[in-house]
$ cat work-v7.txt   # compact mmCIF, C-alpha atoms (C1' of nucleotides)
# COMPACT_ATOMS: atom_id res chain seq x y z
CA MET A 1 56.69 54.52 127.87
CA THR A 2 53.96 53.67 125.40
CA PHE A 3 54.26 50.40 123.59
CA THR A 4 54.72 50.66 119.84
CA LEU A 5 55.40 48.02 117.27
CA PRO A 6 58.67 49.37 115.87
CA ARG A 7 60.13 49.37 119.37
CA PHE A 8 59.13 45.78 120.12
CA LEU A 9 62.36 43.85 119.99
CA PRO A 10 61.14 40.59 118.43
CA TYR A 11 59.48 42.61 115.69
CA LEU A 12 62.52 44.76 115.14
CA LEU A 13 64.77 41.73 115.04
CA ASN A 14 62.58 40.10 112.45
CA GLN A 15 62.53 43.17 110.25
CA ALA A 16 66.28 43.55 110.52
CA ALA A 17 66.90 39.86 109.90
CA GLU A 18 64.70 39.81 106.85
CA ALA A 19 66.23 42.92 105.36
CA ALA A 20 69.73 41.72 106.11
CA SER A 21 69.14 38.34 104.52
CA ALA A 22 67.31 39.51 101.42
CA GLU A 23 70.23 40.45 99.23
CA PHE A 24 72.45 37.50 100.07
CA GLN A 25 69.48 35.19 99.64
CA ALA A 26 68.87 36.58 96.17
CA TYR A 27 72.47 35.82 95.33
CA TYR A 28 72.64 32.17 96.31
CA LYS A 29 69.21 31.56 94.94
CA ALA A 30 69.94 33.08 91.55
CA ARG A 31 73.39 31.57 91.28
CA TYR A 32 72.99 28.11 92.73
CA GLY A 33 69.26 27.64 93.08
CA MET A 34 69.76 27.13 96.80
CA LEU A 35 67.34 27.57 99.63
CA ARG A 36 68.20 29.01 103.01
CA THR A 37 68.62 25.68 104.72
CA GLU A 38 70.78 24.46 101.86
CA TRP A 39 73.40 27.17 102.11
CA ARG A 40 73.40 26.78 105.85
CA VAL A 41 74.20 23.11 105.54
CA LEU A 42 76.81 23.89 102.88
CA PHE A 43 78.43 26.44 105.18
CA HIS A 44 78.45 24.09 108.13
CA LEU A 45 80.28 21.50 106.10
CA GLY A 46 82.60 24.04 104.52
CA ILE A 47 83.52 25.74 107.75
CA TYR A 48 83.53 22.92 110.27
CA GLY A 49 84.34 19.99 108.02
CA ASP A 50 82.49 16.71 107.56
CA MET A 51 79.65 15.93 109.89
CA THR A 52 76.41 14.02 109.93
CA ALA A 53 73.00 15.52 109.34
CA SER A 54 72.09 15.38 112.99
CA GLU A 55 75.24 17.24 113.93
CA VAL A 56 74.11 19.97 111.58
CA CYS A 57 70.73 19.94 113.30
CA THR A 58 72.31 20.42 116.70
CA ARG A 59 74.73 23.12 115.67
CA ALA A 60 72.28 25.12 113.59
CA ALA A 61 69.13 24.44 115.60
CA ILE A 62 67.32 23.39 112.44
CA HIS A 63 64.73 20.65 112.42
CA LYS A 64 65.92 17.33 111.07
CA THR A 65 63.34 17.11 108.30
CA LYS A 66 64.53 20.41 106.90
CA VAL A 67 68.12 19.23 107.04
CA SER A 68 67.18 15.91 105.50
CA ARG A 69 65.59 17.60 102.52
CA ALA A 70 68.36 20.15 102.22
CA VAL A 71 70.96 17.38 102.14
CA ALA A 72 68.96 15.53 99.49
CA ALA A 73 68.81 18.70 97.40
CA LEU A 74 72.54 19.37 97.81
CA GLU A 75 73.23 15.78 96.85
CA ALA A 76 71.09 16.13 93.73
CA LYS A 77 73.08 19.24 92.82
CA ARG A 78 76.30 17.25 93.36
CA PHE A 79 77.55 19.61 96.05
CA VAL A 80 77.52 17.05 98.82
CA LYS A 81 78.15 13.35 99.01
CA ARG A 82 77.31 11.04 101.85
CA ARG A 83 78.94 7.86 103.09
CA THR A 84 77.65 5.32 105.53
CA ASP A 85 79.67 4.90 108.68
CA ALA A 86 80.74 1.25 108.84
CA GLU A 87 80.95 1.39 112.64
CA ASP A 88 77.40 2.60 113.06
CA ARG A 89 75.35 2.27 109.92
CA ARG A 90 72.81 4.80 111.15
CA ASN A 91 75.30 7.64 110.71
CA GLU A 92 75.86 9.18 107.33
CA PRO A 93 78.81 11.54 107.39
CA LEU A 94 78.49 14.27 104.79
CA SER A 95 81.26 15.94 102.86
CA LEU A 96 81.55 18.53 100.13
CA THR A 97 82.37 17.48 96.60
CA PRO A 98 84.88 19.61 94.67
CA ALA A 99 81.95 21.46 93.13
CA GLY A 100 80.48 21.92 96.58
CA THR A 101 83.75 23.32 97.82
CA ARG A 102 83.87 25.77 94.93
CA ALA A 103 80.32 26.91 95.61
CA PHE A 104 81.13 27.26 99.28
CA THR A 105 84.23 29.33 98.60
CA ASP A 106 82.34 31.61 96.27
CA LEU A 107 79.45 32.06 98.67
CA GLN A 108 81.74 32.61 101.59
CA GLU A 109 83.48 35.41 99.77
CA ALA A 110 80.19 36.92 98.73
CA ALA A 111 78.96 36.66 102.30
CA ALA A 112 82.02 38.34 103.72
CA ALA A 113 81.83 41.17 101.21
CA TYR A 114 78.14 41.60 101.77
CA GLU A 115 78.52 41.69 105.50
CA ALA A 116 81.23 44.30 105.21
CA ARG A 117 78.86 46.55 103.32
CA LEU A 118 76.00 45.79 105.65
CA THR A 119 77.96 46.70 108.74
CA ALA A 120 79.89 49.63 107.33
CA PHE A 121 77.89 51.99 109.50
CA LEU A 122 79.25 50.36 112.65
CA SER A 123 82.68 50.66 114.21
CA GLU A 124 84.55 47.47 115.08
CA PRO A 125 83.76 47.65 118.79
CA GLU A 126 80.12 48.46 118.05
CA LEU A 127 79.88 45.47 115.76
CA ASP A 128 81.43 43.22 118.36
CA ARG A 129 79.01 44.44 120.96
CA LEU A 130 76.08 43.95 118.59
CA ARG A 131 77.18 40.41 117.85
CA ALA A 132 77.50 39.62 121.52
CA GLN A 133 74.05 40.97 122.23
CA LEU A 134 72.50 39.00 119.38
CA GLU A 135 74.24 35.87 120.53
CA HIS A 136 72.87 36.37 123.97
CA LEU A 137 69.37 36.79 122.59
CA ALA A 138 69.78 33.75 120.37
CA SER A 139 70.78 31.56 123.27
CA GLN A 140 67.92 32.70 125.45
CA PRO A 141 66.43 29.74 127.31
CA VAL A 142 63.27 29.86 125.24
CA THR A 143 61.76 26.74 123.77
CA ARG A 144 63.87 25.69 120.84
CA SER A 145 62.81 23.36 118.04
CA PRO A 146 63.69 19.73 118.76
CA ARG A 147 66.65 18.14 117.07
CA MET B 1 89.66 37.33 110.50
CA THR B 2 88.33 33.98 109.40
CA PHE B 3 84.72 33.81 108.35
CA THR B 4 82.50 31.72 110.54
CA LEU B 5 78.78 31.20 110.49
CA PRO B 6 77.94 32.39 114.00
CA ARG B 7 79.67 35.68 113.24
CA PHE B 8 77.80 36.27 109.97
CA LEU B 9 75.35 39.01 110.79
CA PRO B 10 72.35 37.87 108.70
CA TYR B 11 72.65 34.43 110.27
CA LEU B 12 73.00 35.82 113.76
CA LEU B 13 70.06 38.12 113.25
CA ASN B 14 67.92 35.24 112.13
CA GLN B 15 68.86 33.09 115.08
CA ALA B 16 68.21 35.93 117.49
CA ALA B 17 64.93 36.87 115.82
CA GLU B 18 63.69 33.31 115.89
CA ALA B 19 64.61 32.77 119.50
CA ALA B 20 63.19 36.12 120.54
CA SER B 21 59.89 35.45 118.76
CA ALA B 22 59.38 31.87 119.85
CA GLU B 23 57.88 32.39 123.26
CA PHE B 24 55.57 35.24 122.35
CA GLN B 25 54.50 33.34 119.26
CA ALA B 26 53.58 30.35 121.40
CA TYR B 27 51.43 32.63 123.51
CA TYR B 28 49.30 34.24 120.81
CA LYS B 29 49.07 30.99 118.95
CA ALA B 30 47.88 29.00 121.95
CA ARG B 31 45.58 31.70 123.23
CA TYR B 32 44.06 33.15 120.08
CA GLY B 33 45.07 30.76 117.34
CA MET B 34 46.80 33.62 115.59
CA LEU B 35 49.59 33.56 113.07
CA ARG B 36 52.46 36.02 112.93
CA THR B 37 50.91 38.20 110.28
CA GLU B 38 47.63 38.22 112.13
CA TRP B 39 48.95 39.69 115.35
CA ARG B 40 50.95 42.17 113.37
CA VAL B 41 47.82 43.40 111.65
CA LEU B 42 45.99 43.43 114.97
CA PHE B 43 48.77 45.50 116.54
CA HIS B 44 48.82 47.95 113.67
CA LEU B 45 45.13 48.58 114.07
CA GLY B 46 45.33 48.68 117.85
CA ILE B 47 48.26 51.04 117.98
CA TYR B 48 47.72 53.30 115.02
CA GLY B 49 43.95 53.11 114.68
CA ASP B 50 41.84 52.23 111.68
CA MET B 51 43.54 51.84 108.35
CA THR B 52 43.15 49.92 105.13
CA ALA B 53 44.93 46.71 104.28
CA SER B 54 47.31 48.45 101.95
CA GLU B 55 48.31 50.92 104.63
CA VAL B 56 49.22 47.94 106.78
CA CYS B 57 51.26 46.61 103.88
CA THR B 58 53.19 49.83 103.58
CA ARG B 59 53.84 50.31 107.27
CA ALA B 60 54.78 46.74 108.02
CA ALA B 61 56.44 45.88 104.72
CA ILE B 62 54.33 42.75 104.41
CA HIS B 63 53.13 41.48 101.08
CA LYS B 64 49.51 42.24 100.33
CA THR B 65 48.47 38.63 99.88
CA LYS B 66 49.66 37.84 103.38
CA VAL B 67 47.77 40.82 104.76
CA SER B 68 44.69 39.88 102.77
CA ARG B 69 44.67 36.43 104.29
CA ALA B 70 45.43 37.70 107.77
CA VAL B 71 42.54 40.16 107.58
CA ALA B 72 40.21 37.42 106.39
CA ALA B 73 41.31 35.24 109.32
CA LEU B 74 40.88 38.07 111.84
CA GLU B 75 37.47 38.78 110.41
CA ALA B 76 36.48 35.14 110.76
CA LYS B 77 37.60 35.29 114.40
CA ARG B 78 35.48 38.45 114.82
CA PHE B 79 38.47 40.54 115.86
CA VAL B 80 38.28 42.89 112.90
CA LYS B 81 35.50 44.33 110.83
CA ARG B 82 35.78 46.07 107.51
CA ARG B 83 33.72 48.78 105.91
CA THR B 84 33.73 49.98 102.36
CA ASP B 85 34.73 53.56 101.82
CA ALA B 86 31.83 55.32 100.06
CA GLU B 87 34.20 57.86 98.50
CA ASP B 88 36.39 55.25 96.89
CA ARG B 89 34.83 51.84 96.94
CA ARG B 90 38.17 50.13 96.42
CA ASN B 91 39.25 51.05 99.96
CA GLU B 92 38.19 48.93 102.87
CA PRO B 93 39.05 50.60 106.18
CA LEU B 94 39.59 48.08 108.95
CA SER B 95 38.80 48.49 112.61
CA LEU B 96 38.95 46.34 115.72
CA THR B 97 35.79 44.92 117.21
CA PRO B 98 35.42 45.02 121.00
CA ALA B 99 36.73 41.45 121.11
CA GLY B 100 39.61 42.52 118.89
CA THR B 101 40.41 45.38 121.21
CA ARG B 102 40.41 43.05 124.19
CA ALA B 103 42.73 40.62 122.43
CA PHE B 104 44.97 43.50 121.44
CA THR B 105 45.14 44.86 124.97
CA ASP B 106 45.98 41.46 126.37
CA LEU B 107 48.63 40.76 123.77
CA GLN B 108 50.13 44.19 124.14
CA GLU B 109 50.56 43.65 127.86
CA ALA B 110 52.00 40.21 127.28
CA ALA B 111 54.37 41.66 124.69
CA ALA B 112 55.56 44.43 126.97
CA ALA B 113 56.15 42.04 129.84
CA TYR B 114 57.90 39.58 127.60
CA GLU B 115 60.15 42.21 126.13
CA ALA B 116 61.09 43.41 129.57
CA ARG B 117 62.28 39.93 130.47
CA LEU B 118 63.99 39.50 127.14
CA THR B 119 65.98 42.70 127.45
CA ALA B 120 66.70 42.53 131.16
CA PHE B 121 70.34 41.88 130.41
CA LEU B 122 70.68 45.27 128.71
CA SER B 123 70.86 48.72 130.24
CA GLU B 124 68.49 51.39 128.94
CA PRO B 125 71.13 53.13 126.81
CA GLU B 126 72.34 49.79 125.48
CA LEU B 127 68.81 48.85 124.52
CA ASP B 128 68.28 52.17 122.80
CA ARG B 129 71.47 51.75 120.86
CA LEU B 130 70.53 48.19 119.89
CA ARG B 131 67.14 49.36 118.66
CA ALA B 132 68.71 52.12 116.62
CA GLN B 133 71.16 49.70 115.04
CA LEU B 134 68.43 47.21 114.19
CA GLU B 135 66.30 49.95 112.72
CA HIS B 136 69.18 51.01 110.57
CA LEU B 137 69.69 47.47 109.36
CA ALA B 138 65.98 47.05 108.72
CA SER B 139 65.84 50.15 106.58
CA GLN B 140 68.88 49.17 104.55
CA PRO B 141 68.36 49.97 100.87
CA VAL B 142 68.14 46.31 99.99
CA THR B 143 65.43 45.01 97.76
CA ARG B 144 62.22 44.92 99.73
CA SER B 145 59.16 42.91 98.90
CA PRO B 146 56.67 44.87 96.80
CA ARG B 147 53.62 46.31 98.42
C1' DG C 1 69.59 -14.64 122.13
C1' DG C 2 65.40 -11.81 122.44
C1' DC C 3 62.94 -7.73 123.92
C1' DT C 4 62.62 -2.82 124.50
C1' DA C 5 64.11 1.69 124.00
C1' DA C 6 66.73 5.16 121.62
C1' DC C 7 68.65 7.22 117.63
C1' DA C 8 69.59 8.68 112.50
C1' DG C 9 67.24 9.73 108.91
C1' DT C 10 63.09 9.71 105.63
C1' DT C 11 58.32 10.04 104.00
C1' DG C 12 53.48 11.64 103.81
C1' DC C 13 50.25 14.91 104.82
C1' DT C 14 48.75 19.44 106.32
C1' DT C 15 49.48 24.28 106.94
C1' DT C 16 51.68 28.43 105.46
C1' DT C 17 54.06 31.25 102.19
C1' DG C 18 55.35 33.06 97.56
C1' DT C 19 54.17 34.32 92.90
C1' DA C 20 51.43 35.64 89.38
C1' DA C 21 47.31 36.26 87.38
C1' DC C 22 43.06 38.18 88.18
C1' DC C 23 38.64 41.33 89.24
C1' DA C 24 36.54 45.55 90.40
C1' DA C 25 36.83 50.47 90.95
C1' DC C 26 38.70 54.65 89.80
C1' DA C 27 41.55 58.42 87.15
C1' DA C 28 43.26 60.70 83.16
C1' DG C 29 43.55 61.69 78.44
C1' DC C 30 41.43 62.03 74.45
C1' DG D 1 31.95 58.25 77.11
C1' DC D 2 35.58 55.16 75.90
C1' DT D 3 40.16 53.38 76.15
C1' DT D 4 44.46 52.83 79.01
C1' DG D 5 46.73 52.60 83.08
C1' DT D 6 46.75 52.26 88.13
C1' DT D 7 45.31 50.86 92.57
C1' DG D 8 43.03 47.93 96.41
C1' DG D 9 42.22 43.59 97.17
C1' DT D 10 41.44 38.41 96.19
C1' DT D 11 42.22 33.87 94.25
C1' DA D 12 44.65 29.87 92.24
C1' DC D 13 48.55 27.27 91.98
C1' DA D 14 53.25 26.03 93.27
C1' DA D 15 56.96 25.96 96.61
C1' DA D 16 58.34 25.45 101.28
C1' DA D 17 57.83 24.57 106.28
C1' DG D 18 55.87 22.03 110.22
C1' DC D 19 54.44 17.84 112.30
C1' DA D 20 53.84 13.12 113.10
C1' DA D 21 54.38 8.64 111.91
C1' DC D 22 57.55 5.49 109.87
C1' DT D 23 62.05 2.41 108.63
C1' DG D 24 66.33 0.67 109.73
C1' DT D 25 70.05 0.25 113.06
C1' DT D 26 72.27 0.01 117.42
C1' DA D 27 72.53 -0.34 122.61
C1' DG D 28 71.06 -2.01 127.04
C1' DC D 29 69.16 -5.35 129.78
C1' DC D 30 67.15 -9.53 131.27
$ encode --input "work-v7.txt" --output "structure tokens"
Amino acid sequence: MTFTLPRFLPYLLNQAAEAASAEFQAYYKARYGMLRTEWRVLFHLGIYGDMTASEVCTRAAIHKTKVSRAVAALEAKRFVKRRTDAEDRRNEPLSLTPAGTRAFTDLQEAAAAYEARLTAFLSEPELDRLRAQLEHLASQPVTRSPR
Amino acid sequence: MTFTLPRFLPYLLNQAAEAASAEFQAYYKARYGMLRTEWRVLFHLGIYGDMTASEVCTRAAIHKTKVSRAVAALEAKRFVKRRTDAEDRRNEPLSLTPAGTRAFTDLQEAAAAYEARLTAFLSEPELDRLRAQLEHLASQPVTRSPR
DNA sequence: GGCTAACAGTTGCTTTTGTAACCAACAAGC
DNA sequence: GCTTGTTGGTTACAAAAGCAACTGTTAGCC
């Protein structure tokens, strides 16, 4: 089997990921001026509840400087507020403000609708299988960025 | 079905793409000091033969400024040389130098071996189906970057 | 208590990317 | 042959990402 670029899985994954992100990205950027890392942080807080920046890093496998700046940006937009944990003053638990919650709800709905359109060509079992395969690839024991 | 981040396809695709690229990226970076766009250009020339920068843009859906810089970098590394088309002096057909061909051959082998490991958990038909699904997602009629 | 190491988070600097404006060469209409 | 528009490709500037060093805080250990 000859090797060609459009069959090379990392390449294909990148092309698919980029195409699949483009439209949703345009939405949150136009509507809320958010960057990728910002909506990811917003979603982590919206879905899983309050957590510290480093918990976001661990869960999302994003580098801490990116999270730090994303949190600062979300704070400036008044979508997130941070407290200082009295027990351990290094920790700064983050939570969504009411405006942050509204933005999250809107984006979550948009995301769900977008995904439905994106995956309309797949049956439910096919989609499940695809997700499982992608998860497996994502958790490959390759070198991950440090937390 | 509640919406969660690790089920959101664009997110999953990104995580999988990043993880799947990481190791190969480390290889071409360490060995040839190449960037992502650079090896992509190299592979296009190696696989499909000589072409101009804008043909690379079209095939790979990469923005022309990125290609322009990648070509300049590959030229500086003496992996690529460019001529000027006498018919139409705007066109600059690119071709691999012997060193470029060697680098391409090495990277192609590394890529094939890497992919084999990466996809070892999939059967042939599963892999084919995955590729087809990713291709479909990649060619989604979403807004693509201009050429 | 005082020293060292580890951890949460930030800042500064460099590299890479994105965007738009730009130059040179050609094509078409007139 | 001269304008007008288009195309291939580059450059300049701004935004974002990566990396390493830094601050402040806690924990462990003697």
$ residues_around --input "work-v7.txt" --residues "Ser95 in chain B" --least-positions-apart "4" --cutoff "8 Å" --atoms "only C-alpha atoms (C1' of nucleotides)" --output "list in words"
Leu45, Gly49, Asp50, Met51, Val80, Lys81 and Arg82 of chain B
$ residues_around --input "work-v7.txt" --residues "Gly46 in chain B" --least-positions-apart "2" --cutoff "9 Å" --atoms "all atoms listed in the file" --output "VMD selection string"
chain B and resid 41 to 44 48 to 50 95 to 96 100 to 101 104 to 105
$ write_last_selection --input "work-v7.txt" --atoms "C-alpha atoms" --output "PDB file, in the coordinates of the input"
ATOM      1  CA  VAL B  41      47.820  43.400 111.650  1.00  0.00           C
ATOM      2  CA  LEU B  42      45.990  43.430 114.970  1.00  0.00           C
ATOM      3  CA  PHE B  43      48.770  45.500 116.540  1.00  0.00           C
ATOM      4  CA  HIS B  44      48.820  47.950 113.670  1.00  0.00           C
ATOM      5  CA  TYR B  48      47.720  53.300 115.020  1.00  0.00           C
ATOM      6  CA  GLY B  49      43.950  53.110 114.680  1.00  0.00           C
ATOM      7  CA  ASP B  50      41.840  52.230 111.680  1.00  0.00           C
ATOM      8  CA  SER B  95      38.800  48.490 112.610  1.00  0.00           C
ATOM      9  CA  LEU B  96      38.950  46.340 115.720  1.00  0.00           C
ATOM     10  CA  GLY B 100      39.610  42.520 118.890  1.00  0.00           C
ATOM     11  CA  THR B 101      40.410  45.380 121.210  1.00  0.00           C
ATOM     12  CA  PHE B 104      44.970  43.500 121.440  1.00  0.00           C
ATOM     13  CA  THR B 105      45.140  44.860 124.970  1.00  0.00           C
TER      14      THR B 105
END
$ calpha_fit_and_write --input "work-v7.txt" --fixed "chain A" --moving "chain B" --output "short mmCIF file (atom, residue, chain, number, x, y, z; two decimals) with C-alpha atoms, keeping the file's coordinate frame"
data_model
loop_
_atom_site.label_atom_id
_atom_site.label_comp_id
_atom_site.auth_asym_id
_atom_site.auth_seq_id
_atom_site.Cartn_x
_atom_site.Cartn_y
_atom_site.Cartn_z
CA MET B 1 56.65 54.51 127.76
CA THR B 2 53.91 53.61 125.33
CA PHE B 3 54.22 50.33 123.51
CA THR B 4 54.68 50.58 119.80
CA LEU B 5 55.38 47.94 117.22
CA PRO B 6 58.64 49.29 115.81
CA ARG B 7 60.08 49.31 119.32
CA PHE B 8 59.07 45.71 120.09
CA LEU B 9 62.32 43.80 119.96
CA PRO B 10 61.09 40.53 118.38
CA TYR B 11 59.44 42.55 115.64
CA LEU B 12 62.48 44.71 115.10
CA LEU B 13 64.73 41.69 115.01
CA ASN B 14 62.57 40.08 112.39
CA GLN B 15 62.51 43.15 110.21
CA ALA B 16 66.26 43.55 110.49
CA ALA B 17 66.91 39.86 109.87
CA GLU B 18 64.71 39.82 106.81
CA ALA B 19 66.24 42.93 105.33
CA ALA B 20 69.76 41.77 106.11
CA SER B 21 69.16 38.37 104.50
CA ALA B 22 67.35 39.52 101.40
CA GLU B 23 70.25 40.47 99.21
CA PHE B 24 72.48 37.53 100.05
CA GLN B 25 69.52 35.22 99.63
CA ALA B 26 68.90 36.61 96.16
CA TYR B 27 72.50 35.84 95.31
CA TYR B 28 72.67 32.18 96.30
CA LYS B 29 69.21 31.58 94.96
CA ALA B 30 69.94 33.09 91.56
CA ARG B 31 73.38 31.59 91.28
CA TYR B 32 72.98 28.12 92.75
CA GLY B 33 69.25 27.67 93.13
CA MET B 34 69.77 27.16 96.83
CA LEU B 35 67.36 27.61 99.68
CA ARG B 36 68.23 29.06 103.07
CA THR B 37 68.67 25.72 104.76
CA GLU B 38 70.79 24.49 101.90
CA TRP B 39 73.44 27.17 102.13
CA ARG B 40 73.46 26.80 105.86
CA VAL B 41 74.25 23.12 105.54
CA LEU B 42 76.84 23.89 102.88
CA PHE B 43 78.49 26.45 105.16
CA HIS B 44 78.53 24.08 108.10
CA LEU B 45 80.33 21.48 106.06
CA GLY B 46 82.65 24.02 104.47
CA ILE B 47 83.59 25.70 107.71
CA TYR B 48 83.61 22.89 110.21
CA GLY B 49 84.38 19.95 107.94
CA ASP B 50 82.53 16.69 107.50
CA MET B 51 79.71 15.91 109.86
CA THR B 52 76.45 14.01 109.91
CA ALA B 53 73.04 15.52 109.35
CA SER B 54 72.19 15.38 113.01
CA GLU B 55 75.34 17.25 113.93
CA VAL B 56 74.20 19.98 111.58
CA CYS B 57 70.84 19.94 113.34
CA THR B 58 72.45 20.41 116.71
CA ARG B 59 74.86 23.13 115.68
CA ALA B 60 72.42 25.13 113.63
CA ALA B 61 69.28 24.45 115.64
CA ILE B 62 67.42 23.43 112.51
CA HIS B 63 64.81 20.72 112.53
CA LYS B 64 65.99 17.41 111.15
CA THR B 65 63.37 17.20 108.43
CA LYS B 66 64.57 20.49 107.01
CA VAL B 67 68.16 19.29 107.10
CA SER B 68 67.18 15.98 105.56
CA ARG B 69 65.58 17.73 102.63
CA ALA B 70 68.40 20.22 102.27
CA VAL B 71 70.95 17.40 102.17
CA ALA B 72 68.91 15.57 99.56
CA ALA B 73 68.77 18.75 97.46
CA LEU B 74 72.51 19.39 97.82
CA GLU B 75 73.17 15.81 96.86
CA ALA B 76 71.01 16.15 93.77
CA LYS B 77 73.01 19.26 92.84
CA ARG B 78 76.21 17.24 93.36
CA PHE B 79 77.49 19.61 96.03
CA VAL B 80 77.47 17.03 98.80
CA LYS B 81 78.09 13.34 99.00
CA ARG B 82 77.26 11.02 101.84
CA ARG B 83 78.89 7.85 103.06
CA THR B 84 77.60 5.32 105.50
CA ASP B 85 79.60 4.87 108.64
CA ALA B 86 80.69 1.21 108.82
CA GLU B 87 80.90 1.37 112.62
CA ASP B 88 77.35 2.55 113.05
CA ARG B 89 75.33 2.23 109.90
CA ARG B 90 72.77 4.75 111.10
CA ASN B 91 75.28 7.59 110.68
CA GLU B 92 75.82 9.16 107.31
CA PRO B 93 78.81 11.52 107.35
CA LEU B 94 78.48 14.27 104.77
CA SER B 95 81.25 15.93 102.83
CA LEU B 96 81.53 18.52 100.09
CA THR B 97 82.33 17.48 96.55
CA PRO B 98 84.83 19.61 94.61
CA ALA B 99 81.88 21.47 93.08
CA GLY B 100 80.46 21.92 96.57
CA THR B 101 83.74 23.32 97.79
CA ARG B 102 83.84 25.76 94.90
CA ALA B 103 80.30 26.91 95.60
CA PHE B 104 81.14 27.25 99.27
CA THR B 105 84.24 29.31 98.58
CA ASP B 106 82.35 31.61 96.27
CA LEU B 107 79.46 32.06 98.66
CA GLN B 108 81.76 32.60 101.59
CA GLU B 109 83.51 35.41 99.76
CA ALA B 110 80.20 36.90 98.72
CA ALA B 111 78.98 36.65 102.31
CA ALA B 112 82.05 38.33 103.73
CA ALA B 113 81.87 41.15 101.21
CA TYR B 114 78.18 41.58 101.77
CA GLU B 115 78.54 41.68 105.51
CA ALA B 116 81.24 44.29 105.23
CA ARG B 117 78.88 46.55 103.32
CA LEU B 118 76.03 45.78 105.65
CA THR B 119 77.97 46.69 108.76
CA ALA B 120 79.90 49.63 107.35
CA PHE B 121 77.88 51.97 109.51
CA LEU B 122 79.23 50.35 112.68
CA SER B 123 82.65 50.65 114.27
CA GLU B 124 84.52 47.46 115.13
CA PRO B 125 83.71 47.63 118.85
CA GLU B 126 80.09 48.45 118.09
CA LEU B 127 79.86 45.47 115.79
CA ASP B 128 81.41 43.21 118.39
CA ARG B 129 78.97 44.41 120.98
CA LEU B 130 76.04 43.93 118.59
CA ARG B 131 77.16 40.38 117.84
CA ALA B 132 77.48 39.59 121.52
CA GLN B 133 74.01 40.95 122.22
CA LEU B 134 72.47 38.98 119.36
CA GLU B 135 74.22 35.84 120.50
CA HIS B 136 72.83 36.34 123.94
CA LEU B 137 69.34 36.76 122.57
CA ALA B 138 69.74 33.73 120.34
CA SER B 139 70.76 31.54 123.23
CA GLN B 140 67.89 32.70 125.42
CA PRO B 141 66.39 29.79 127.34
CA VAL B 142 63.23 29.92 125.28
CA THR B 143 61.72 26.81 123.85
CA ARG B 144 63.81 25.73 120.91
CA SER B 145 62.74 23.42 118.15
CA PRO B 146 63.64 19.80 118.86
CA ARG B 147 66.59 18.26 117.16
#
$ interface_residues --input "work-v7.txt" --of "chain A" --to "chain D" --cutoff "9 Å" --atoms "all atoms listed in the file" --output "list in words"
Lys66, Asp88, Arg89 and Arg90 of chain A
$ residues_near_point --input "work-v7.txt" --point "(50.8, 33.5, 121.9)" --cutoff "12 Å" --atoms "all atoms listed in the file" --output "ChimeraX atom specification"
/B:21-36,38-39,103-104,106-111,114
$ closest_residue --input "work-v7.txt" --among "C:DG9, C:DG29, C:DG1, C:DG18" --to "chain B" --atoms "all atoms listed in the file"
C:DG18
$ atom_distance --input "work-v7.txt" --atom1 "CA of Arg69 in chain B" --atom2 "CA of Pro93 in chain B"
15.4 Å
